[in-house]
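Structure file data.csv with CSV, C-alpha atoms:
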chain,number,residue,atom,x,y,z
A,19,LYS,CA,63.3,-25.8,-14.1
A,20,GLN,CA,64.4,-22.2,-14.1
A,21,GLU,CA,64.7,-20.5,-10.7
A,22,VAL,CA,65.3,-16.9,-10.0
A,23,THR,CA,66.7,-15.7,-6.7
A,24,GLN,CA,67.1,-12.2,-5.4
A,25,ILE,CA,69.3,-11.4,-2.4
A,26,PRO,CA,68.8,-9.6,-0.1
A,27,ALA,CA,65.1,-9.7,0.4
A,28,ALA,CA,65.2,-6.3,2.0
A,29,LEU,CA,67.8,-3.5,2.1
A,30,SER,CA,67.8,-0.1,4.0
A,31,VAL,CA,70.5,2.5,3.2
A,32,PRO,CA,71.0,6.2,3.8
A,33,GLU,CA,70.2,8.6,1.0
A,34,GLY,CA,73.1,9.3,-1.4
A,35,GLU,CA,74.7,5.9,-1.2
A,36,ASN,CA,75.5,3.8,-4.3
A,37,LEU,CA,74.0,0.3,-4.1
A,38,VAL,CA,73.8,-3.0,-5.9
A,39,LEU,CA,70.9,-5.4,-6.1
A,40,ASN,CA,71.6,-9.0,-7.0
A,41,CYS,CA,69.7,-11.4,-9.2
A,42,SER,CA,70.7,-15.0,-9.9
A,43,PHE,CA,69.2,-17.6,-12.2
A,44,THR,CA,69.8,-21.3,-12.5
A,45,ASP,CA,69.5,-21.9,-16.3
A,46,SER,CA,71.7,-19.7,-18.5
A,47,ALA,CA,69.7,-20.3,-21.6
A,48,ILE,CA,67.8,-17.1,-21.4
A,49,TYR,CA,66.5,-14.8,-24.1
A,50,ASN,CA,66.7,-11.7,-22.0
A,51,LEU,CA,66.4,-10.3,-18.5
A,52,GLN,CA,64.3,-7.5,-17.2
A,53,TRP,CA,64.5,-5.4,-14.1
A,54,PHE,CA,61.2,-3.9,-12.7
A,55,ARG,CA,60.2,-1.6,-10.0
A,56,GLN,CA,57.0,-2.1,-7.9
A,57,ASP,CA,55.6,0.6,-5.7
A,58,PRO,CA,53.2,-0.4,-2.9
A,59,GLY,CA,49.7,-1.1,-4.3
A,60,LYS,CA,50.8,-0.4,-7.8
A,61,GLY,CA,51.8,-2.3,-10.9
A,62,LEU,CA,55.2,-3.0,-12.3
A,63,THR,CA,57.3,-0.5,-14.1
A,64,SER,CA,59.9,-1.8,-16.5
A,65,LEU,CA,63.4,-0.3,-15.7
A,66,LEU,CA,65.8,-2.0,-18.0
A,67,LEU,CA,65.8,-4.9,-20.4
A,68,ILE,CA,69.1,-6.7,-21.3
A,69,GLN,CA,69.2,-9.0,-24.2
A,70,SER,CA,71.2,-12.2,-23.8
A,71,SER,CA,73.9,-10.9,-26.2
A,72,GLN,CA,74.4,-7.7,-24.1
A,73,ARG,CA,76.5,-7.2,-21.0
A,74,GLU,CA,74.8,-4.1,-19.6
A,75,GLN,CA,72.2,-1.4,-20.1
A,76,THR,CA,72.0,2.0,-18.6
A,77,SER,CA,69.2,4.4,-17.9
A,78,GLY,CA,69.9,7.6,-15.9
A,79,ARG,CA,71.2,6.6,-12.5
A,80,LEU,CA,70.5,2.9,-13.1
A,81,ASN,CA,72.9,0.4,-14.6
A,82,ALA,CA,72.1,-3.3,-15.1
A,83,SER,CA,74.7,-5.9,-15.9
A,84,LEU,CA,74.3,-9.4,-17.1
A,85,ASP,CA,76.7,-12.4,-16.8
A,86,LYS,CA,74.8,-15.1,-18.5
A,87,SER,CA,77.5,-17.8,-18.1
A,88,SER,CA,77.5,-17.4,-14.3
A,89,GLY,CA,73.7,-16.8,-14.1
A,90,ARG,CA,73.9,-13.4,-12.5
A,91,SER,CA,72.6,-9.9,-13.0
A,92,THR,CA,73.1,-6.8,-10.9
A,93,LEU,CA,71.2,-3.6,-10.8
A,94,TYR,CA,73.4,-0.6,-9.7
A,95,ILE,CA,71.7,2.5,-8.4
A,96,ALA,CA,73.9,5.6,-8.1
A,97,ALA,CA,73.3,8.4,-5.6
A,98,SER,CA,70.2,6.8,-4.1
A,99,GLN,CA,67.2,9.0,-3.3
A,100,PRO,CA,64.2,8.5,-1.0
A,101,GLY,CA,62.1,8.3,-4.2
A,102,ASP,CA,64.0,5.1,-5.2
A,103,SER,CA,62.3,3.3,-2.3
A,104,ALA,CA,60.3,0.4,-3.8
A,105,THR,CA,60.5,-3.3,-4.4
A,106,TYR,CA,62.8,-4.2,-7.3
A,107,LEU,CA,62.2,-7.5,-9.2
A,108,CYS,CA,64.1,-9.2,-11.9
A,109,ALA,CA,62.6,-11.6,-14.4
A,110,VAL,CA,64.1,-13.8,-17.1
A,111,ASN,CA,62.6,-14.7,-20.5
A,112,GLU,CA,63.7,-18.2,-21.6
A,113,TYR,CA,64.1,-19.4,-25.2
A,114,SER,CA,60.9,-20.7,-26.7
A,115,ASN,CA,59.0,-19.7,-23.6
A,116,TYR,CA,56.8,-16.7,-23.5
A,117,GLN,CA,56.7,-16.6,-19.7
A,118,LEU,CA,58.7,-14.4,-17.5
A,119,ILE,CA,60.2,-16.3,-14.6
A,120,TRP,CA,60.4,-14.0,-11.6
A,121,GLY,CA,62.5,-13.5,-8.4
A,122,ALA,CA,60.7,-12.6,-5.2
A,123,GLY,CA,62.1,-9.1,-5.2
A,124,THR,CA,64.3,-6.9,-3.0
A,125,LYS,CA,62.5,-4.3,-0.9
A,126,LEU,CA,64.6,-1.2,-0.9
A,127,ILE,CA,64.2,1.6,1.6
A,128,ILE,CA,66.3,4.8,1.2
A,129,LYS,CA,66.4,6.8,4.4
A,130,PRO,CA,66.5,10.6,4.1
B,25,GLY,CA,45.3,5.8,-22.9
B,26,ALA,CA,49.0,5.3,-23.2
B,27,GLY,CA,49.4,2.4,-20.8
B,28,VAL,CA,47.8,-0.9,-19.9
B,29,SER,CA,44.6,-0.5,-17.9
B,30,GLN,CA,42.8,-3.0,-15.7
B,31,THR,CA,39.4,-3.0,-14.2
B,32,PRO,CA,38.2,-3.2,-11.5
B,33,SER,CA,41.2,-2.0,-9.4
B,34,ASN,CA,39.7,-3.9,-6.4
B,35,LYS,CA,37.2,-6.8,-6.3
B,36,VAL,CA,35.8,-8.4,-3.1
B,37,THR,CA,33.7,-11.4,-3.6
B,38,GLU,CA,32.3,-14.4,-1.6
B,39,LYS,CA,33.6,-17.9,-1.9
B,40,GLY,CA,31.9,-19.7,-4.7
B,41,LYS,CA,31.0,-16.7,-6.8
B,42,TYR,CA,32.1,-16.0,-10.4
B,43,VAL,CA,34.3,-13.0,-11.2
B,44,GLU,CA,35.6,-11.4,-14.4
B,45,LEU,CA,38.7,-9.2,-14.6
B,46,ARG,CA,39.4,-7.0,-17.6
B,47,CYS,CA,42.6,-5.9,-19.2
B,48,ASP,CA,43.0,-3.2,-21.9
B,49,PRO,CA,46.5,-3.5,-23.5
B,50,ILE,CA,48.5,-0.8,-25.1
B,51,SER,CA,47.1,-0.1,-28.6
B,52,GLY,CA,48.9,-2.1,-31.3
B,53,HIS,CA,50.4,-4.7,-28.9
B,54,THR,CA,49.7,-8.1,-30.2
B,55,ALA,CA,50.9,-10.1,-27.2
B,56,LEU,CA,49.0,-10.1,-23.9
B,57,TYR,CA,49.9,-11.8,-20.6
B,58,TRP,CA,48.1,-12.5,-17.3
B,59,TYR,CA,50.1,-13.0,-14.1
B,60,ARG,CA,49.0,-13.5,-10.5
B,61,GLN,CA,51.0,-12.1,-7.5
B,62,SER,CA,50.7,-13.1,-3.9
B,63,LEU,CA,52.0,-10.9,-1.1
B,64,GLY,CA,55.8,-11.0,-0.8
B,65,GLN,CA,56.3,-13.0,-4.0
B,66,GLY,CA,57.1,-12.4,-7.6
B,67,PRO,CA,54.3,-12.7,-10.2
B,68,GLU,CA,53.3,-16.1,-11.4
B,69,PHE,CA,52.5,-16.7,-15.1
B,70,LEU,CA,49.0,-17.7,-16.0
B,71,ILE,CA,48.4,-17.3,-19.7
B,72,TYR,CA,49.8,-15.7,-22.9
B,73,PHE,CA,47.8,-14.6,-25.9
B,74,GLN,CA,49.2,-13.8,-29.3
B,75,GLY,CA,46.4,-12.1,-31.1
B,76,THR,CA,43.1,-13.8,-30.4
B,77,GLY,CA,44.5,-17.2,-29.5
B,78,ALA,CA,45.9,-18.5,-26.2
B,79,ALA,CA,49.4,-19.5,-27.2
B,80,ASP,CA,50.4,-20.8,-23.8
B,81,ASP,CA,47.9,-21.4,-21.0
B,82,SER,CA,50.1,-23.7,-19.0
B,83,GLY,CA,50.1,-21.4,-15.9
B,84,LEU,CA,46.3,-21.6,-15.3
B,85,PRO,CA,46.0,-23.4,-12.0
B,86,ASN,CA,42.9,-25.4,-12.8
B,87,ASP,CA,39.8,-25.5,-15.0
B,88,ARG,CA,38.0,-22.8,-12.8
B,89,PHE,CA,40.3,-20.3,-14.6
B,90,PHE,CA,39.6,-19.2,-18.2
B,91,ALA,CA,40.6,-16.2,-20.3
B,92,VAL,CA,39.5,-14.8,-23.6
B,93,ARG,CA,40.7,-12.2,-26.1
B,94,PRO,CA,38.0,-12.4,-28.8
B,95,GLU,CA,39.1,-9.4,-30.9
B,96,GLY,CA,42.8,-9.5,-30.2
B,97,SER,CA,42.8,-6.4,-27.9
B,98,VAL,CA,40.8,-6.5,-24.6
B,99,SER,CA,41.1,-9.6,-22.6
B,100,THR,CA,38.9,-11.0,-19.8
B,101,LEU,CA,40.1,-13.4,-17.1
B,102,LYS,CA,37.3,-15.4,-15.7
B,103,ILE,CA,37.3,-17.3,-12.4
B,104,GLN,CA,34.5,-19.7,-11.5
B,105,ARG,CA,33.5,-20.9,-8.1
B,106,THR,CA,36.1,-18.7,-6.4
B,107,GLU,CA,38.1,-20.0,-3.5
B,108,ARG,CA,39.9,-18.1,-0.7
B,109,GLY,CA,43.2,-19.2,-2.2
B,110,ASP,CA,42.4,-17.3,-5.3
B,111,SER,CA,42.9,-14.0,-3.4
B,112,ALA,CA,45.9,-12.2,-5.0
B,113,VAL,CA,46.7,-9.3,-7.3
B,114,TYR,CA,46.1,-10.2,-10.9
B,115,LEU,CA,48.4,-8.4,-13.3
B,116,CYS,CA,48.0,-8.0,-17.0
B,117,ALA,CA,50.9,-7.1,-19.4
B,118,SER,CA,51.2,-6.5,-23.1
B,119,SER,CA,54.1,-6.4,-25.5
B,120,LEU,CA,54.5,-5.3,-29.1
B,121,MET,CA,55.2,-8.8,-30.3
B,122,GLY,CA,55.7,-12.1,-28.5
B,123,LEU,CA,58.8,-13.8,-27.4
B,124,GLY,CA,61.4,-11.7,-25.8
B,125,THR,CA,59.9,-8.2,-26.3
B,126,GLU,CA,59.5,-5.9,-23.4
B,127,GLN,CA,56.4,-6.4,-21.3
B,128,PHE,CA,54.5,-3.4,-20.0
B,129,PHE,CA,52.2,-3.9,-17.0
B,130,GLY,CA,48.9,-2.6,-15.8
B,131,PRO,CA,48.2,-1.5,-12.2
B,132,GLY,CA,46.6,-4.9,-11.4
B,133,THR,CA,43.3,-6.0,-9.9
B,134,ARG,CA,43.3,-6.9,-6.2
B,135,LEU,CA,41.0,-9.8,-5.8
B,136,THR,CA,39.8,-10.7,-2.3
B,137,VAL,CA,37.7,-13.8,-1.8
B,138,LEU,CA,35.9,-13.9,1.6

Encoded form (structure tokens):
Amino acid sequence: KQEVTQIPAALSVPEGENLVLNCSFTDSAIYNLQWFRQDPGKGLTSLLLIQSSQREQTSGRLNASLDKSSGRSTLYIAASQPGDSATYLCAVNEYSNYQLIWGAGTKLIIKP
Amino acid sequence: GAGVSQTPSNKVTEKGKYVELRCDPISGHTALYWYRQSLGQGPEFLIYFQGTGAADDSGLPNDRFFAVRPEGSVSTLKIQRTERGDSAVYLCASSLMGLGTEQFFGPGTRLTVL
């Protein structure tokens, strides 16, 4: 059974730092992996989607990488800003399965 | 509207009551998903629709939960005889097609069962 783990559960860093959030999954037979952002009391915003054949995706200050063989993905945030404070979740989409399997998220606080 | 919408945003009910939660997907999206999220956890899959039919309802916790999508657009999640353990945020998502396409989420409905 696929399991998705995100470490750390919470992270607090000063504004301006570059940082990396980690996501690991137990079964490498995935179709794709998505990173989401969730603000308190709000829904989920899709940040990046990486297909299983891709190694990375970039959007602005965000870069997500995927190493399917080792079951790992990272989300790199450059030059962090207080507005980046949120919970970041990763989710995998398995072959022949319409469900997203989710990590519990990393709560990120960027201190001004 | 441009995004997925859900109503109501908050619902407080008493144990044993019946509730309906509504989801309006992005226009043209054929796939619709329901998830449930408890505090401090990632969302948990409930059910997936492709068009009008439920293609995968394996995540529904028991027979008190039921969902419909009669015309292939709006969906309603129905919970009978609510229990305190049903309290959670219920999230709806839609995607252009099914497997593997990017899912876009609504703001959720926070259900509280007293």

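Computed from the coordinates, the CA of Gly109 (chain B) to CA of Pro85 (chain B) distance equals 11.0 Å.
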
Practice task
At a cut-off of 12 Å, list the chain B residues touching chain A, using only C-alpha atoms, as an MDAnalysis selection string.
Solution key: chainID B and resid 27:30 33:34 55:74 78:83 112:119 121:134

Can I get the selection written as an mmCIF file, keeping the file's coordinate frame, with C-alpha atoms?
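And here's again_15.cif as it stands now:
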data_model
loop_
_atom_site.group_PDB
_atom_site.id
_atom_site.type_symbol
_atom_site.label_atom_id
_atom_site.label_comp_id
_atom_site.auth_asym_id
_atom_site.auth_seq_id
_atom_site.Cartn_x
_atom_site.Cartn_y
_atom_site.Cartn_z
ATOM 1 C CA GLY B 27 49.400 2.400 -20.800
ATOM 2 C CA VAL B 28 47.800 -0.900 -19.900
ATOM 3 C CA SER B 29 44.600 -0.500 -17.900
ATOM 4 C CA GLN B 30 42.800 -3.000 -15.700
ATOM 5 C CA SER B 33 41.200 -2.000 -9.400
ATOM 6 C CA ASN B 34 39.700 -3.900 -6.400
ATOM 7 C CA ALA B 55 50.900 -10.100 -27.200
ATOM 8 C CA LEU B 56 49.000 -10.100 -23.900
ATOM 9 C CA TYR B 57 49.900 -11.800 -20.600
ATOM 10 C CA TRP B 58 48.100 -12.500 -17.300
ATOM 11 C CA TYR B 59 50.100 -13.000 -14.100
ATOM 12 C CA ARG B 60 49.000 -13.500 -10.500
ATOM 13 C CA GLN B 61 51.000 -12.100 -7.500
ATOM 14 C CA SER B 62 50.700 -13.100 -3.900
ATOM 15 C CA LEU B 63 52.000 -10.900 -1.100
ATOM 16 C CA GLY B 64 55.800 -11.000 -0.800
ATOM 17 C CA GLN B 65 56.300 -13.000 -4.000
ATOM 18 C CA GLY B 66 57.100 -12.400 -7.600
ATOM 19 C CA PRO B 67 54.300 -12.700 -10.200
ATOM 20 C CA GLU B 68 53.300 -16.100 -11.400
ATOM 21 C CA PHE B 69 52.500 -16.700 -15.100
ATOM 22 C CA LEU B 70 49.000 -17.700 -16.000
ATOM 23 C CA ILE B 71 48.400 -17.300 -19.700
ATOM 24 C CA TYR B 72 49.800 -15.700 -22.900
ATOM 25 C CA PHE B 73 47.800 -14.600 -25.900
ATOM 26 C CA GLN B 74 49.200 -13.800 -29.300
ATOM 27 C CA ALA B 78 45.900 -18.500 -26.200
ATOM 28 C CA ALA B 79 49.400 -19.500 -27.200
ATOM 29 C CA ASP B 80 50.400 -20.800 -23.800
ATOM 30 C CA ASP B 81 47.900 -21.400 -21.000
ATOM 31 C CA SER B 82 50.100 -23.700 -19.000
ATOM 32 C CA GLY B 83 50.100 -21.400 -15.900
ATOM 33 C CA ALA B 112 45.900 -12.200 -5.000
ATOM 34 C CA VAL B 113 46.700 -9.300 -7.300
ATOM 35 C CA TYR B 114 46.100 -10.200 -10.900
ATOM 36 C CA LEU B 115 48.400 -8.400 -13.300
ATOM 37 C CA CYS B 116 48.000 -8.000 -17.000
ATOM 38 C CA ALA B 117 50.900 -7.100 -19.400
ATOM 39 C CA SER B 118 51.200 -6.500 -23.100
ATOM 40 C CA SER B 119 54.100 -6.400 -25.500
ATOM 41 C CA MET B 121 55.200 -8.800 -30.300
ATOM 42 C CA GLY B 122 55.700 -12.100 -28.500
ATOM 43 C CA LEU B 123 58.800 -13.800 -27.400
ATOM 44 C CA GLY B 124 61.400 -11.700 -25.800
ATOM 45 C CA THR B 125 59.900 -8.200 -26.300
ATOM 46 C CA GLU B 126 59.500 -5.900 -23.400
ATOM 47 C CA GLN B 127 56.400 -6.400 -21.300
ATOM 48 C CA PHE B 128 54.500 -3.400 -20.000
ATOM 49 C CA PHE B 129 52.200 -3.900 -17.000
ATOM 50 C CA GLY B 130 48.900 -2.600 -15.800
ATOM 51 C CA PRO B 131 48.200 -1.500 -12.200
ATOM 52 C CA GLY B 132 46.600 -4.900 -11.400
ATOM 53 C CA THR B 133 43.300 -6.000 -9.900
ATOM 54 C CA ARG B 134 43.300 -6.900 -6.200
#

Practice task
Would you work out the distance separating CA of Thr23 (chain A) from CA of Pro58 (chain A), expressed in Å to one decimal?
Solution key: 20.8 Å

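The smallest atom-to-atom distance between Lys19 (chain A) and any of A:Glu74, A:Asp102, A:Glu33, A:Asp45, using all atoms listed in the file, is found for A:Asp45.
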
Practice task
Please provide the set of residues having any atom within 7 Å of Asn40 (chain A), restricted to only C-alpha atoms, with same-chain residues fewer than 3 positions apart removed, written as a VMD selection string.
Solution key: chain A and resid 24 to 25 91 to 93

Exercise for the section: Considering only C-alpha atoms, return as a PyMOL selection string whatever protein or nucleic-acid residues lie within 10 Å of Ser88 (chain A), sequence-local ones (same chain, fewer than 4 positions apart) excluded. Expected result: chain A and resi 42-46+84

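CA of Arg55 (chain A) lies 25.0 Å from CA of Ser87 (chain A).
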